[in-house]
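Right, one structure below, let's go through it.
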Amino acid sequence: MRKVYHRIVQIAGNVITVEAENIGYGHLAEVTSARGTSLAQVIRLVDNKVFLQVFAGSRGISTGDEVRFLGSPMQVSSSKNLLGRIFTGGGIPRDGRPEVKDDMIEIAGPSVNPSKRIIPKNMIRTGIPMIDVFNSLVESQKLPIFSIAGEPYNQLLARVAMQAEVDVIILGGMGLKYDDYLFFKNTLDEHGALSRSVLFVHTASDPVVECLLVPDMALAVAENYALEGKKVLVLLTDMTNYADAMKEIAITMEQIPSNRGYPGDLYSQLAARYEKAVDFDSAGSITILAVTTMPGDDVTHPVPDNTGYITEGQFYLKNGRIEPFGSLSRLKQQVNDTTRSDHRAIMDTMIRFYADFLETKEKQSMGFQMSSWDEKLLKYGVLFETRMMDLSVNIPLEDALDLGWETLAECFDKTESGIKHDLLEEYWPKN
Amino acid sequence: MQDSNKGKIVGVNGNMITVEFDTHVIQNEIAYAITEGKRLKSEVIRVRGNRADLQVFEDTKGLKVGDDVEFTEELLSVELGPGILTSIYDGLQNPLPDLAKKSGFFLEKGVYLKPLDYEKEWDYTPMVKVGDEVIAGDRLGWVPEGIFKHYIMVPFTTKGVCKVTEVASAGKLKISTTIAKISNDKDIVTEVTMVQEWPVKIPISAYKEKLLPQETLISQIRIIDGFFPVAIGGTFCTPGPFGAGKTVLQHALSKYAEADIVIIAACGERAGEVVEILREFPHLEDPRTGKTLMERSIIICNTSSMPVAAREASVYTAVTLAEYYRQMGLNCLLLADSTSRWAQALREMSGRLEEIPGEEAFPAYLESLIASFYERAGLVKLNCGETGSVTIGGSVSPAGGNFEEPVTQATLKVVGAFHGLSRDRSNARRYPAIHPLESWSHYKSIVEDEKINFARETLRRGNEVNQMMKVIGEEGTHINDFQIYLKSEFLDFVFLQQNTFDSVDAATNKKRQTYMFDKVMAILKKQFTFESKDKARRFFLELRSDFINLNYSAEGTEDYKKFENLIDKKFEDN
Ligand SMILES: Nc1ncnc2c1ncn2[C@@H]1O[C@H](COP(=O)(O)OP(=O)(O)O)[C@@H](O)[C@H]1O
Ligand SMILES: [Mg+2]
């Protein structure tokens with residue numbers, strides 16, 4: 001039996017300190033107080049002092065409470081019985097069914113050897129032209145939706161998830177509103193996808209430390225399925241809540257903040273999670289779709305900024321539309337050369353004209369005379385917004401490309417399009 | 001290992017451990033923290049009393065107070081010898097493909113493998129005879145390494161003049177074979193093998209003198225070679241917000257730059273991006289040599305989820321390997337993506353050491369570290385009279401895309417060229433998104449000054465007209481000013497912009513660049529007369545379209561001739 005410690009010498013924020021010996025860094029302990037039992041993790045060792053981050057929070061813990069060390073880091077079950085189940089960030093069932101404790105594996109494991117990765121080549125079709133045509137989503141991509149409160153980001157996340165052809169879906173909810181949690185659960189259920197899903201959900205009312213476990217739990221399970229050859233899609237929402245939970249702990253530990261209170265290792269911490277997205281050489285894959293809400297709609301805020309540097313692009317959701325500027329899929333060029341020969345040209349040309357349209361619109365709003373060229377751009381801009389940007393549009397990539405040619409031909413002539421001559425000959429509408 | 005200095009862990013904080021030691025330690029010496037049979041490589045970064053703080057190059061999960069630590073009395077070093085080319089290493093020079101063979105999908109902590117193959121036999125040819133006098137860096141012999149002569153040199157640590165007392169004869173030898181014995185003035189004999197070690201944080205200085213970099217390093221990227229050139233042995237940086245094209249630009253340089261050897265340091269960014277190189281380079285042909293690109297490349301890969309302390313080491317490992325090949329008279333290009341991640345690794349450590357933070361919590365010594373890193377670039381005259389060079393290009397990832405931050409500012413103070421990427425240009429898909437008005441270079445362009453200045457002036461005035469048009473509208477703009485604006489846009493589209501993903505346009509050799517530049521110049525210099533602004537716009541749109549098509553056509557093809565004729569005709573007729 002492991003030794004039980006009774007002397008808690010310090011309680012600050014959600015971190016308690018006990019004096020104990022022979023304790024491994026990162027290992028778990030159970031803290032039993034009048035409120036019940038909570039897991040806690042070692043986050044610092046100084047001589048015989050052990051600093052523990054208490055998952056359920058430190059409220060109600062007394063200096064005389066019991067601390068029992070478990071001798072291992074946080075683990076999660078890797079069993080098949082996980083499918084269809086819903087857990088808290090700490091791995092406790094939320095669905096009233098029994099605990100799953102077989103085949104436990106460590107979470108937050110080592111990173112993949114880069115030489116065991118392959119170049120991803122499979123496009124994930126979504127039926128959304130702003131994604132399929134302009135910023136194609138690719139299997140094994142890590143990509144967040146940048147958005148602000150009130151935008152339908154969780155709806156977009158769910159829509160892509162339901163459309164994607166994957167074997168397993170893992171949802172990691174962080175600081176989710178209870179309604180959003182039910183929305184995801186119901187959506188998965190309605191599409192018959194719940195039985196191939198695992199949910200780790202931390203809601204806004206749960207202890208903040210549990211939020212910190214969600215990505216690692218979700219990704220450890222995902223990694224396990226991917227190693228078995230499965231295509232896994234991980235949904236993480238909202239990563240800004242996750243970063244804020246990290247900030248809270250860092251401040252408790254009196255770490256020197258780097259930028260707006262966030263710890264100096266925010267980049268490395270986020271990267272450690274997002275880099276779990278992978279296409280394994282001779283095994284499955286993990287695709288990560290996340291949500292990053294931007295405080296104050298400010299993309300230079302440390303959370304979206306660091307995220308943008310880590311992820312393979314982002315979908316910028318604003319006013320219910322995916323904005324062409326600010327959105328990016330860094331992997332699009334891996335797939336859009338094999339979809340159809342005109343894909344890249346349509347993508348580049350339509351965006352360029354849309355940028356010109358926005359400039360013209362500005363000139364117009366300032367009351368300048370519109371040249372005949374400006375008139376063309378104005379016509380084009382409106383068509384682009386209704387045919388491509390409107391999120392209610394749901395058409396296959398090929399139809400969207402055809403629609404692109406039609407739109408260009410309605411507004412411009414061949415030369416003005418600036419497209420390579422051989423493509424013009426093949427695709428420019430004849431009538 | 002006999003009686004090495006020992007210690008015990010007394011604290012663990014993230015990737016930093018505090019160790020109480022028995023006798024003495026050396027600043028920056030390597031030590032191993034021992035836990036559950038694993039030996040975790042660490043580096044001493046601060047000593048106070050009988051306690052030392054060490055950064056651990058591994059995940060510290062499971063380390064306990066009381067665990068043993070063994071000090072090695074050696075600084076963090078790399079092995080130098082034949083076989084480095086084509087290798088893929090982590091930041092500590094562990095060969096990643098070999099690690100994968102041993103440990104499978106994941107990087108296993110505490111596993112360190114030999115960076116070089118000790119079984120392989122090399123065709124050795126001696127270059128000295130008994131009695132010759134040699135100094136550090138002198139060539140004793142050579143082996144063919146792919147397309148290069150890999151010289152085996154007198155160890156760089158050798159002091160003073162030595163006499164060669166023994167030489168191995170030509171033949172197939174392993175790298176651990178003694179190929180020569182040399183004796184110094186105190187008659188101390190050193191056995192020289194094909195491998196030597198060198199501490200990564202100290203520059204190799206076995207050369208006669210540093211020279212001023214003057215010759216342009218042809219990158220085959222037009223906006224660089226023409227407007228913001230890089231010199232052989234020079235330094236440059238590429239700051240830009242995320243998604244502006246830093247990595248794509250570095251990859252283009254790694255493929256097309258006319259250097260002998262390219263060292264890619266993937267420092268703290270995405271693993272996926274390195275995989276593209278790992279998987280593609282072995283199949284891409286280097287048109288200059290006819291061999292694969294891999295044969296001139298070394299990849300140092302310490303991506304963002306790999307241990308942070310090893311990330312800090314990775315840029316030094318990379319530059320040391322570059323300096324080593326420079327000693328063979330080769331031109332090496334080191335591309336580091338991104339130096340900000342290295343700076344952040346320093347920041348993380350500095351925070352754990354509870355040092356007084358500077359701006360944005362970066363340590364106060366950041367600036368001097370960045371300066372001394374770029375100082376390791378240079379064109380040098382070797383003892384044998386040949387020259388060799390290290391050119392360093394670092395991408396910078398400024399927080400919020402704002403260049404007024406410590407890493408960008410410290411870097412700008414020391415580099416010779418600044419390729420600033422602009423969010424506006426990348427949003428408008430004007431790639432490479434190097435800002436043509438804000439970037440600069442101190443080096444020599446492949447185009448004559450007079451011409452390039454005229455082109456710059458066109459860009460500047462075109463921008464002015466464009467700004468003015470935003471206030472007074474197109475209708476209030478004089479047609480001559482409007483023409484300047486159209487010309488600047490034309491120059492932008494057909495020369496500055498370049499499509500990396502088009503097989504022809506991706507790289508433009510020097511001859512074609514200068515030819516194209518002259519063609520563009522002729523148009524910029526000619527004063528056209530147009531009836532209306534719409535006619536003027538139309539003319540330049542068509543000309544631009546022909547030029548872009550020309551850019552997409554390989555030299556000597558039917559298309560090339562066709563578009564060239566179209567352009568010439570339009571030029572004559574207007
Ligand atoms: N020269 C280019 N030509 C075409 N697209 C580019 C170019 N440079 C960048 N891009 C696009 O921008 C994306 C981001 O570029 P990247 O170099 O990864 O940005 P950064 O390293 O600055 O974050 C690429 O995936 C690509 O889609
Ligand atoms: Mg990059």
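In the structure tokens, the first chain shown is A, the next is B, and so on; residue numbers restart at 1 for each chain, and ligands run from 1 in the order shown.
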Grab me every residue within 7 Å of ligand 2, counting only C-alpha atoms and all ligand atoms, and send it over as number ranges by chain.
B: 242-243, 245-247, 269, 337
Selection to disk with all heavy atoms, as a PDB file, in the first residue's frame:
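Result written to part.pdb:
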ATOM      1  N   PHE B 242       2.165  34.736 -39.475  1.00  0.00           N
ATOM      2  CA  PHE B 242       1.914  33.352 -39.877  1.00  0.00           C
ATOM      3  C   PHE B 242       1.150  33.305 -41.197  1.00  0.00           C
ATOM      4  O   PHE B 242       0.291  34.126 -41.445  1.00  0.00           O
ATOM      5  CB  PHE B 242       1.212  32.553 -38.780  1.00  0.00           C
ATOM      6  CG  PHE B 242      -0.159  33.030 -38.389  1.00  0.00           C
ATOM      7  CD1 PHE B 242      -1.273  32.720 -39.158  1.00  0.00           C
ATOM      8  CD2 PHE B 242      -0.352  33.753 -37.231  1.00  0.00           C
ATOM      9  CE1 PHE B 242      -2.544  33.139 -38.796  1.00  0.00           C
ATOM     10  CE2 PHE B 242      -1.611  34.182 -36.853  1.00  0.00           C
ATOM     11  CZ  PHE B 242      -2.715  33.884 -37.643  1.00  0.00           C
ATOM     12  N   GLY B 243       1.558  32.366 -42.020  1.00  0.00           N
ATOM     13  CA  GLY B 243       0.863  32.184 -43.285  1.00  0.00           C
ATOM     14  C   GLY B 243       1.300  33.140 -44.384  1.00  0.00           C
ATOM     15  O   GLY B 243       0.762  33.116 -45.477  1.00  0.00           O
ATOM     16  N   GLY B 245       4.203  33.130 -45.847  1.00  0.00           N
ATOM     17  CA  GLY B 245       5.018  32.436 -46.842  1.00  0.00           C
ATOM     18  C   GLY B 245       6.484  32.269 -46.476  1.00  0.00           C
ATOM     19  O   GLY B 245       7.316  32.066 -47.360  1.00  0.00           O
ATOM     20  N   LYS B 246       6.824  32.305 -45.203  1.00  0.00           N
ATOM     21  CA  LYS B 246       8.222  32.132 -44.788  1.00  0.00           C
ATOM     22  C   LYS B 246       8.741  30.748 -45.162  1.00  0.00           C
ATOM     23  O   LYS B 246       9.812  30.605 -45.741  1.00  0.00           O
ATOM     24  CB  LYS B 246       8.358  32.322 -43.266  1.00  0.00           C
ATOM     25  CG  LYS B 246       7.947  33.688 -42.777  1.00  0.00           C
ATOM     26  CD  LYS B 246       8.099  33.827 -41.278  1.00  0.00           C
ATOM     27  CE  LYS B 246       7.114  32.987 -40.487  1.00  0.00           C
ATOM     28  NZ  LYS B 246       5.701  33.354 -40.709  1.00  0.00           N
ATOM     29  N   THR B 247       7.959  29.755 -44.821  1.00  0.00           N
ATOM     30  CA  THR B 247       8.435  28.387 -45.034  1.00  0.00           C
ATOM     31  C   THR B 247       8.475  28.034 -46.515  1.00  0.00           C
ATOM     32  O   THR B 247       9.434  27.415 -46.983  1.00  0.00           O
ATOM     33  CB  THR B 247       7.544  27.409 -44.254  1.00  0.00           C
ATOM     34  OG1 THR B 247       7.552  27.813 -42.882  1.00  0.00           O
ATOM     35  CG2 THR B 247       8.048  25.986 -44.369  1.00  0.00           C
ATOM     36  N   GLU B 269       9.172  24.273 -35.561  1.00  0.00           N
ATOM     37  CA  GLU B 269       7.934  24.479 -36.313  1.00  0.00           C
ATOM     38  C   GLU B 269       7.346  23.115 -36.686  1.00  0.00           C
ATOM     39  O   GLU B 269       7.673  22.115 -36.086  1.00  0.00           O
ATOM     40  CB  GLU B 269       8.194  25.393 -37.516  1.00  0.00           C
ATOM     41  CG  GLU B 269       8.713  26.764 -37.071  1.00  0.00           C
ATOM     42  CD  GLU B 269       7.790  27.944 -37.387  1.00  0.00           C
ATOM     43  OE1 GLU B 269       7.048  27.870 -38.363  1.00  0.00           O
ATOM     44  OE2 GLU B 269       7.821  28.933 -36.632  1.00  0.00           O
ATOM     45  N   ASP B 337      14.369  27.753 -39.770  1.00  0.00           N
ATOM     46  CA  ASP B 337      12.937  28.076 -39.721  1.00  0.00           C
ATOM     47  C   ASP B 337      12.369  27.471 -38.446  1.00  0.00           C
ATOM     48  O   ASP B 337      12.191  26.267 -38.375  1.00  0.00           O
ATOM     49  CB  ASP B 337      12.244  27.477 -40.955  1.00  0.00           C
ATOM     50  CG  ASP B 337      10.799  27.911 -41.098  1.00  0.00           C
ATOM     51  OD1 ASP B 337      10.380  28.814 -40.377  1.00  0.00           O
ATOM     52  OD2 ASP B 337      10.097  27.322 -41.942  1.00  0.00           O
TER      53      ASP B 337
END
Just want the residues within 10 Å of ligand 1, written as a PyMOL selection string, counting only C-alpha atoms and all ligand atoms.
(chain A and resi 134-135+308-313+328-334+344+348) or (chain B and resi 221+238-252+269-270+273+337-338+395-397+401+421-423+426-427+429-434+497-502+506)
Any chance you could tabulate, as CSV, the residues of chain A at most 6 Å from chain B with each one's nearest atom pair and distance in Å to one decimal, using only C-alpha atoms, in chain and rising number order?
residue,atom,partner,partner_atom,distance
A:Asn22,CA,B:Lys64,CA,5.9
A:Ile23,CA,B:Lys64,CA,5.6
A:Gly24,CA,B:Gly62,CA,4.3
A:Tyr25,CA,B:Gly62,CA,4.8
A:Gly26,CA,B:Lys61,CA,5.2
A:Arg44,CA,B:Asn13,CA,5.0
A:Leu45,CA,B:Val12,CA,4.9
A:Val46,CA,B:Gly11,CA,4.3
A:Asp47,CA,B:Val10,CA,4.9
A:Ser111,CA,B:Phe106,CA,5.8
A:Val112,CA,B:Phe106,CA,4.3
A:Asn113,CA,B:Phe106,CA,5.1
A:Pro114,CA,B:Ala271,CA,5.9
A:Ser115,CA,B:Pro97,CA,5.8
A:Lys116,CA,B:Phe105,CA,5.9
A:Ser258,CA,B:Ala361,CA,4.9
A:Gly264,CA,B:Glu348,CA,5.6
A:Asp265,CA,B:Glu348,CA,5.9
A:Ala271,CA,B:Ser305,CA,5.8
A:Ala272,CA,B:Ser305,CA,4.5
A:Thr300,CA,B:Gly400,CA,4.2
A:Asp305,CA,B:Gly400,CA,5.8
A:Gly308,CA,B:Phe242,CA,6.0
A:Tyr309,CA,B:Phe242,CA,5.1
A:Phe325,CA,B:Asn427,CA,5.8
A:Phe368,CA,B:Gly473,CA,5.5
A:Gly418,CA,B:Ser545,CA,5.4
Let's have the selection written as a JSON list (two decimals), in the first residue's frame, with C-alpha atoms.
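Output contents, as saved in result.json:
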[["chain", "number", "residue", "atom", "x", "y", "z"],
["A", 22, "ASN", "CA", 10.41, 9.67, -3.81],
["A", 23, "ILE", "CA", 7.70, 11.20, -5.96],
["A", 24, "GLY", "CA", 7.94, 11.23, -9.78],
["A", 25, "TYR", "CA", 7.50, 14.48, -11.70],
["A", 26, "GLY", "CA", 4.19, 14.50, -13.57],
["A", 44, "ARG", "CA", 6.95, 20.88, -9.53],
["A", 45, "LEU", "CA", 9.44, 19.30, -7.13],
["A", 46, "VAL", "CA", 11.61, 21.39, -4.81],
["A", 47, "ASP", "CA", 13.62, 19.39, -2.28],
["A", 111, "SER", "CA", 6.04, 12.88, -30.20],
["A", 112, "VAL", "CA", 6.04, 11.00, -33.47],
["A", 113, "ASN", "CA", 9.40, 10.52, -35.15],
["A", 114, "PRO", "CA", 9.16, 12.86, -38.17],
["A", 115, "SER", "CA", 10.65, 10.16, -40.36],
["A", 116, "LYS", "CA", 7.59, 7.99, -39.68],
["A", 258, "SER", "CA", 5.34, 36.64, -21.64],
["A", 264, "GLY", "CA", 6.18, 31.83, -22.07],
["A", 265, "ASP", "CA", 5.68, 28.25, -23.18],
["A", 271, "ALA", "CA", 2.15, 22.74, -30.43],
["A", 272, "ALA", "CA", 2.58, 19.58, -28.35],
["A", 300, "THR", "CA", -3.02, 39.16, -32.88],
["A", 305, "ASP", "CA", -1.55, 34.24, -32.90],
["A", 308, "GLY", "CA", -1.84, 30.35, -36.35],
["A", 309, "TYR", "CA", 1.89, 29.76, -36.20],
["A", 325, "PHE", "CA", -8.84, 36.67, -46.40],
["A", 368, "PHE", "CA", -15.64, 58.13, -56.44],
["A", 418, "GLY", "CA", -5.29, 36.56, -66.63]]
Contacts of A:Met74 at 12 Å or less, counting only C-alpha atoms, minus same-chain residues fewer than 4 places along, as a PyMOL selection string?
(chain A and resi 25-30+39-42+55+69-70+89-91+104-109+210+212-214+216-217+220) or (chain B and resi 61-62)
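For the atom pair formed by atom CA of B:Arg326 and atom CA of B:Ser176, the distance is 22.3 Å, given to one decimal.
Contact shell of A:Val31 at 8 Å (only C-alpha atoms; same-chain neighbours under 4 positions omitted): Thr37, Ser38, Leu39, Ala40, Val54, Asp65, Glu66, Val67 and Arg68 of chain A.
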Could you save those same residues with C-alpha atoms as a PDB file, in the first residue's frame?
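Output below, filename result.pdb:
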ATOM      1  CA  THR A  37     -11.709  12.531  -3.758  1.00  0.00           C
ATOM      2  CA  SER A  38      -9.939  14.285  -6.623  1.00  0.00           C
ATOM      3  CA  LEU A  39      -6.964  13.454  -8.732  1.00  0.00           C
ATOM      4  CA  ALA A  40      -4.001  15.803  -8.684  1.00  0.00           C
ATOM      5  CA  VAL A  54      -5.739  19.502  -8.028  1.00  0.00           C
ATOM      6  CA  ASP A  65      -6.463  16.213   4.273  1.00  0.00           C
ATOM      7  CA  GLU A  66      -5.118  12.978   2.859  1.00  0.00           C
ATOM      8  CA  VAL A  67      -2.810  12.817  -0.153  1.00  0.00           C
ATOM      9  CA  ARG A  68      -2.012   9.410  -1.637  1.00  0.00           C
TER      10      ARG A  68
END
